[in-house]
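The structure appears right after this line, and notes come after that.
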Amino acid sequence: MFCQAARRCSRPVATTLRLARPKRSYASTAGPMFDWEDPLATKTLLTEEELAISETAERYCQERMLPRVLQAYRDEHYDAAILTEMGELGLLGANLEGYGCAGVSTVASGLITRAVERVDSGYRSGMSVQSSLVMGGIHAFGSTEQKERFLPSMAQGKMLGCFGLTEPNHGSDPGSMEATARPHPSKSGYVLLSGAKTWITNSPIADVLMVWAKMQETGKIRGFLVERKNCPTGTLETPPIKNKNGLRASITGMIQLDDCPVPLANMFPDVEGLSGPFTCLNSARMGIAFGVMGALEDCLARARTYALERRQFKNNPIAKYQLVQKKLSDAATDASYGVLAAIQVSRLKDEGKATPEMISLIKRQNCDRALVNARTLQEIFGGNAVSDEYAIGRHVANLFVTQTYEGQSDIHSLILGRAITGIQAFV
Ligand SMILES: Cc1cc2nc3c(=O)[nH]c(=O)nc-3n(C[C@H](O)[C@H](O)[C@H](O)COP(=O)(O)OP(=O)(O)OC[C@H]3O[C@@H](n4cnc5c(N)ncnc54)[C@H](O)[C@@H]3O)c2cc1C
């Protein structure tokens, strides 16, 4: 594919950056080689199985997802077939045990999100909602019957889910949510759900909507699995939120509930309060910490290619200039530190030793560094950065969202600040 901006740069836009590069060895008779794509040799920390899963995911993402993303982003269109394709490859809910899920390590699951987000954060968001927030939540808190009913079809991508926590008036402070569940006045074993959720990834296309609401009688937060097919007309609406300027390759909408009848069999039986949604979010935040490193690595690879090809002043490639090299060095450093940290916390999670604060730390740091570096790398493209065919502007717009959702970075600062000082600064 050749870029439209050919009058300024006649080089082809690399569409398969990842696959086109030769494999590099870590050691040779001449000593270990530095690999700019993996500066701290994090591959040496992975098992054979994790490497194989990463390769499968990278191949699928580069061959099948990447060719679709430019048009999808322009059209603000989410192709739900992507989730079915990922299901066929066993990439959904991959770290969950049983119910048709692969049961791989948290690192392997993180490598999948990194591969997807190397293409686009919106695609990764659609997958994370399905895998971590909804399937992860059902796996952690669902009854055996709920797990059997939902998880196998969700793992295949045949049933799509969304996670409804944020409300129009309550984002960073979900404990103040207004959505309620009250006993059905005439139907025993049912509640009526009312309220509005906003900025909900996948809501317009979801078959099952995980909704967090307060029991009217007790004020306690409970989780409900709302099945769209069972909602009477007029009790559930999920209008899309259009004209976003980030995450345009994902679909986002509202959830509007008006006395929607839901059987108590669809309520999580035991979990109460914010620990329910926060547990789901912790799992998803791990995936984000890995994922955004994929987006940053893609920005770095594209900026490097561009800097080596673009010539200015005495026909020198701009990669020759120190200021450009510093930008590339900063990005490579932050990406490699971020991947290392994500691997460490993932390993601790699998050993039962990870704390929510560790997850806040890597979610905040990796999202912040990915955004800052992507914005800086964008400068390397000069005017061409404005053309969407160079992809860098799309990553920058997406990475703003990743820094904002699932706990905006400043909120994670408060979580860490509370852990460091023992004093909470939220209110
Ligand atoms: C594209 C997209 C997809 C999303 N998908 C989902 C989804 O699937 N499910 C879901 O439930 N939600 C989703 N969200 C919502 C997202 O999680 C919220 O936007 C986020 O939690 C922030 O809430 P808010 O937008 O209401 O911002 P606010 O809470 O109003 O915060 C605005 C600013 O104020 C700051 N702030 C707030 N309180 C404090 C404080 N005490 N001290 C210091 N600073 C503070 C914040 O850090 C932020 O910078 C999505 C959002 C977007 C944009």
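The chains in the structure tokens are called A, B, ... from first to last as shown; in each chain the residues are counted from 1, and the ligands are counted from 1 in the order shown.
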
Could you list the protein, DNA and RNA residues that have any atom within 9 Å of ligand 1, counting only C-alpha atoms and all ligand atoms, and write them as a ChimeraX atom specification? /A:122,125-126,129,133,162-174,197-203,211-212,244,246-248,250-253,277,398,400-402,404-414,425-427

C-alpha atoms of the current selection, written as a short mmCIF file (atom, residue, chain, number, x, y, z; two decimals), in the first residue's frame:
data_model
loop_
_atom_site.label_atom_id
_atom_site.label_comp_id
_atom_site.auth_asym_id
_atom_site.auth_seq_id
_atom_site.Cartn_x
_atom_site.Cartn_y
_atom_site.Cartn_z
CA GLY A 122 -10.02 -0.19 20.32
CA SER A 125 -10.73 -2.82 24.42
CA GLY A 126 -13.43 -4.91 22.76
CA VAL A 129 -14.27 -6.25 27.98
CA LEU A 133 -14.35 -7.78 32.63
CA CYS A 162 -20.33 -5.60 28.10
CA PHE A 163 -19.54 -4.23 31.54
CA GLY A 164 -21.75 -1.45 32.90
CA LEU A 165 -20.26 0.43 35.84
CA THR A 166 -19.75 4.09 34.81
CA GLU A 167 -22.78 6.39 35.01
CA PRO A 168 -23.32 9.86 33.60
CA ASN A 169 -22.81 11.43 37.04
CA HIS A 170 -20.39 8.90 38.55
CA GLY A 171 -17.19 7.82 36.79
CA SER A 172 -14.16 7.87 39.09
CA ASP A 173 -16.50 7.43 42.07
CA PRO A 174 -18.65 4.43 41.16
CA LYS A 197 -24.71 3.63 32.37
CA THR A 198 -22.54 5.53 29.92
CA TRP A 199 -19.32 5.10 27.93
CA ILE A 200 -19.86 1.35 27.88
CA THR A 201 -17.65 -0.55 25.40
CA ASN A 202 -19.64 -3.07 23.31
CA SER A 203 -23.02 -2.11 24.85
CA VAL A 211 -24.73 -4.27 35.22
CA TRP A 212 -23.74 -3.08 38.68
CA LYS A 244 -15.61 9.79 19.21
CA GLY A 246 -10.41 8.10 20.06
CA LEU A 247 -11.02 4.35 20.12
CA ARG A 248 -13.04 4.72 16.93
CA SER A 250 -14.37 0.00 19.02
CA ILE A 251 -18.07 0.45 19.68
CA THR A 252 -19.20 2.42 22.72
CA GLY A 253 -22.67 3.21 23.99
CA PRO A 277 -16.47 -4.62 39.95
CA ASN A 398 -6.43 5.87 21.51
CA PHE A 400 -5.53 9.11 25.75
CA VAL A 401 -8.53 6.86 26.35
CA THR A 402 -6.48 4.04 27.85
CA THR A 404 -8.57 7.63 31.22
CA TYR A 405 -10.65 4.47 31.52
CA GLU A 406 -10.45 1.78 34.17
CA GLY A 407 -9.23 4.39 36.61
CA GLN A 408 -7.80 7.62 35.24
CA SER A 409 -4.07 7.91 36.04
CA ASP A 410 -4.59 10.48 38.78
CA ILE A 411 -7.04 8.11 40.50
CA HIS A 412 -4.35 5.42 40.47
CA SER A 413 -1.98 8.01 41.97
CA LEU A 414 -4.45 8.36 44.83
CA ALA A 425 -7.13 11.64 49.48
CA PHE A 426 -10.21 10.79 47.40
CA VAL A 427 -12.64 13.04 49.28
#

Fewer than 3 positions away in the same chain doesn't count, so skip those; otherwise give me all residues within 10 Å of Thr333 (chain A), counting only C-alpha atoms, as a list in words. Trp36, Asp38, Pro39, Leu40, Leu328, Ser329, Asp330, Ser336, Tyr337 and Gly338 of chain A

From the DSSP assignment of the backbone, select every residue of region 34-267 of chain A that is alpha helix (DSSP H), and format the answer as an MDAnalysis selection string. chainID A and resid 48:60 66:75 81:88 106:119 121:128 136:141 144:155

Those same residues, written as a short mmCIF file (atom, residue, chain, number, x, y, z; two decimals), in the first residue's frame with C-alpha atoms?
data_model
loop_
_atom_site.label_atom_id
_atom_site.label_comp_id
_atom_site.auth_asym_id
_atom_site.auth_seq_id
_atom_site.Cartn_x
_atom_site.Cartn_y
_atom_site.Cartn_z
CA GLU A 48 7.86 -22.06 25.25
CA GLU A 49 4.07 -22.04 25.54
CA GLU A 50 3.95 -18.28 26.11
CA LEU A 51 6.20 -17.67 23.10
CA ALA A 52 3.99 -19.87 20.93
CA ILE A 53 0.79 -18.11 22.08
CA SER A 54 2.38 -14.73 21.48
CA GLU A 55 3.39 -15.75 17.95
CA THR A 56 -0.10 -17.05 17.15
CA ALA A 57 -1.67 -13.84 18.41
CA GLU A 58 0.82 -11.60 16.61
CA ARG A 59 0.30 -13.48 13.34
CA TYR A 60 -3.49 -13.25 13.55
CA LEU A 66 -4.25 -4.77 10.70
CA PRO A 67 -5.61 -4.63 7.13
CA ARG A 68 -9.06 -3.72 8.51
CA VAL A 69 -8.20 -1.09 11.06
CA LEU A 70 -7.68 2.02 8.92
CA GLN A 71 -11.14 1.83 7.33
CA ALA A 72 -12.75 0.76 10.60
CA TYR A 73 -11.29 3.80 12.33
CA ARG A 74 -12.42 6.13 9.54
CA ASP A 75 -15.93 4.69 9.54
CA ALA A 81 -16.58 -10.87 13.68
CA ILE A 82 -13.20 -10.12 15.23
CA LEU A 83 -14.38 -11.59 18.52
CA THR A 84 -15.62 -14.74 16.76
CA GLU A 85 -12.26 -15.09 15.02
CA MET A 86 -10.44 -14.62 18.30
CA GLY A 87 -12.72 -17.19 19.89
CA GLU A 88 -11.83 -19.70 17.19
CA THR A 106 -1.47 -14.29 33.01
CA VAL A 107 1.70 -13.47 31.06
CA ALA A 108 0.42 -15.36 28.01
CA SER A 109 -2.90 -13.56 28.29
CA GLY A 110 -1.02 -10.24 28.52
CA LEU A 111 0.99 -11.10 25.41
CA ILE A 112 -2.31 -11.55 23.54
CA THR A 113 -3.48 -8.07 24.58
CA ARG A 114 -0.09 -6.65 23.57
CA ALA A 115 -0.42 -8.23 20.11
CA VAL A 116 -3.96 -6.89 19.66
CA GLU A 117 -3.10 -3.39 20.87
CA ARG A 118 -0.07 -3.30 18.57
CA VAL A 119 -2.80 -3.00 15.93
CA SER A 121 -6.37 -0.07 21.38
CA GLY A 122 -10.02 -0.19 20.32
CA TYR A 123 -9.73 -3.80 19.20
CA ARG A 124 -7.97 -4.59 22.48
CA SER A 125 -10.73 -2.82 24.42
CA GLY A 126 -13.43 -4.91 22.76
CA MET A 127 -11.47 -8.06 23.61
CA SER A 128 -10.64 -7.00 27.20
CA GLY A 136 -13.48 -12.88 34.22
CA GLY A 137 -16.30 -11.54 36.39
CA ILE A 138 -18.58 -14.49 35.67
CA HIS A 139 -15.71 -16.89 36.31
CA ALA A 140 -14.88 -15.22 39.64
CA PHE A 141 -18.37 -14.56 40.98
CA THR A 144 -21.86 -22.87 38.50
CA GLU A 145 -25.07 -22.60 36.51
CA GLN A 146 -24.20 -19.06 35.35
CA LYS A 147 -20.69 -20.14 34.35
CA GLU A 148 -22.02 -23.08 32.34
CA ARG A 149 -24.67 -20.94 30.71
CA PHE A 150 -22.48 -18.04 29.60
CA LEU A 151 -18.77 -18.87 29.50
CA PRO A 152 -18.51 -21.51 26.72
CA SER A 153 -20.34 -19.36 24.15
CA MET A 154 -18.46 -16.25 25.27
CA ALA A 155 -15.13 -18.09 24.88
#

Spatial neighbours of Thr376 (chain A), 12 Å, only C-alpha atoms, chain gap at least 2 places, as a PyMOL selection string: chain A and resi 296+299-300+303+323-331+369-374+378-382+385+392-393+395-396

Skip region 272-276 of chain A itself and residues of its chain fewer than 3 positions away, then list as a list in words all residues within 7 Å of it, counting only C-alpha atoms. Gly175, Lys220, Ile221, Arg222, Thr279 and Cys280 of chain A

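Atom to atom, CA of Arg182 (chain A) and CA of Glu217 (chain A) stand 7.1 Å apart.
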
Find the distance between CA of Gly287 (chain A) and CA of Asn243 (chain A) and write it in Å to one decimal. 26.1 Å
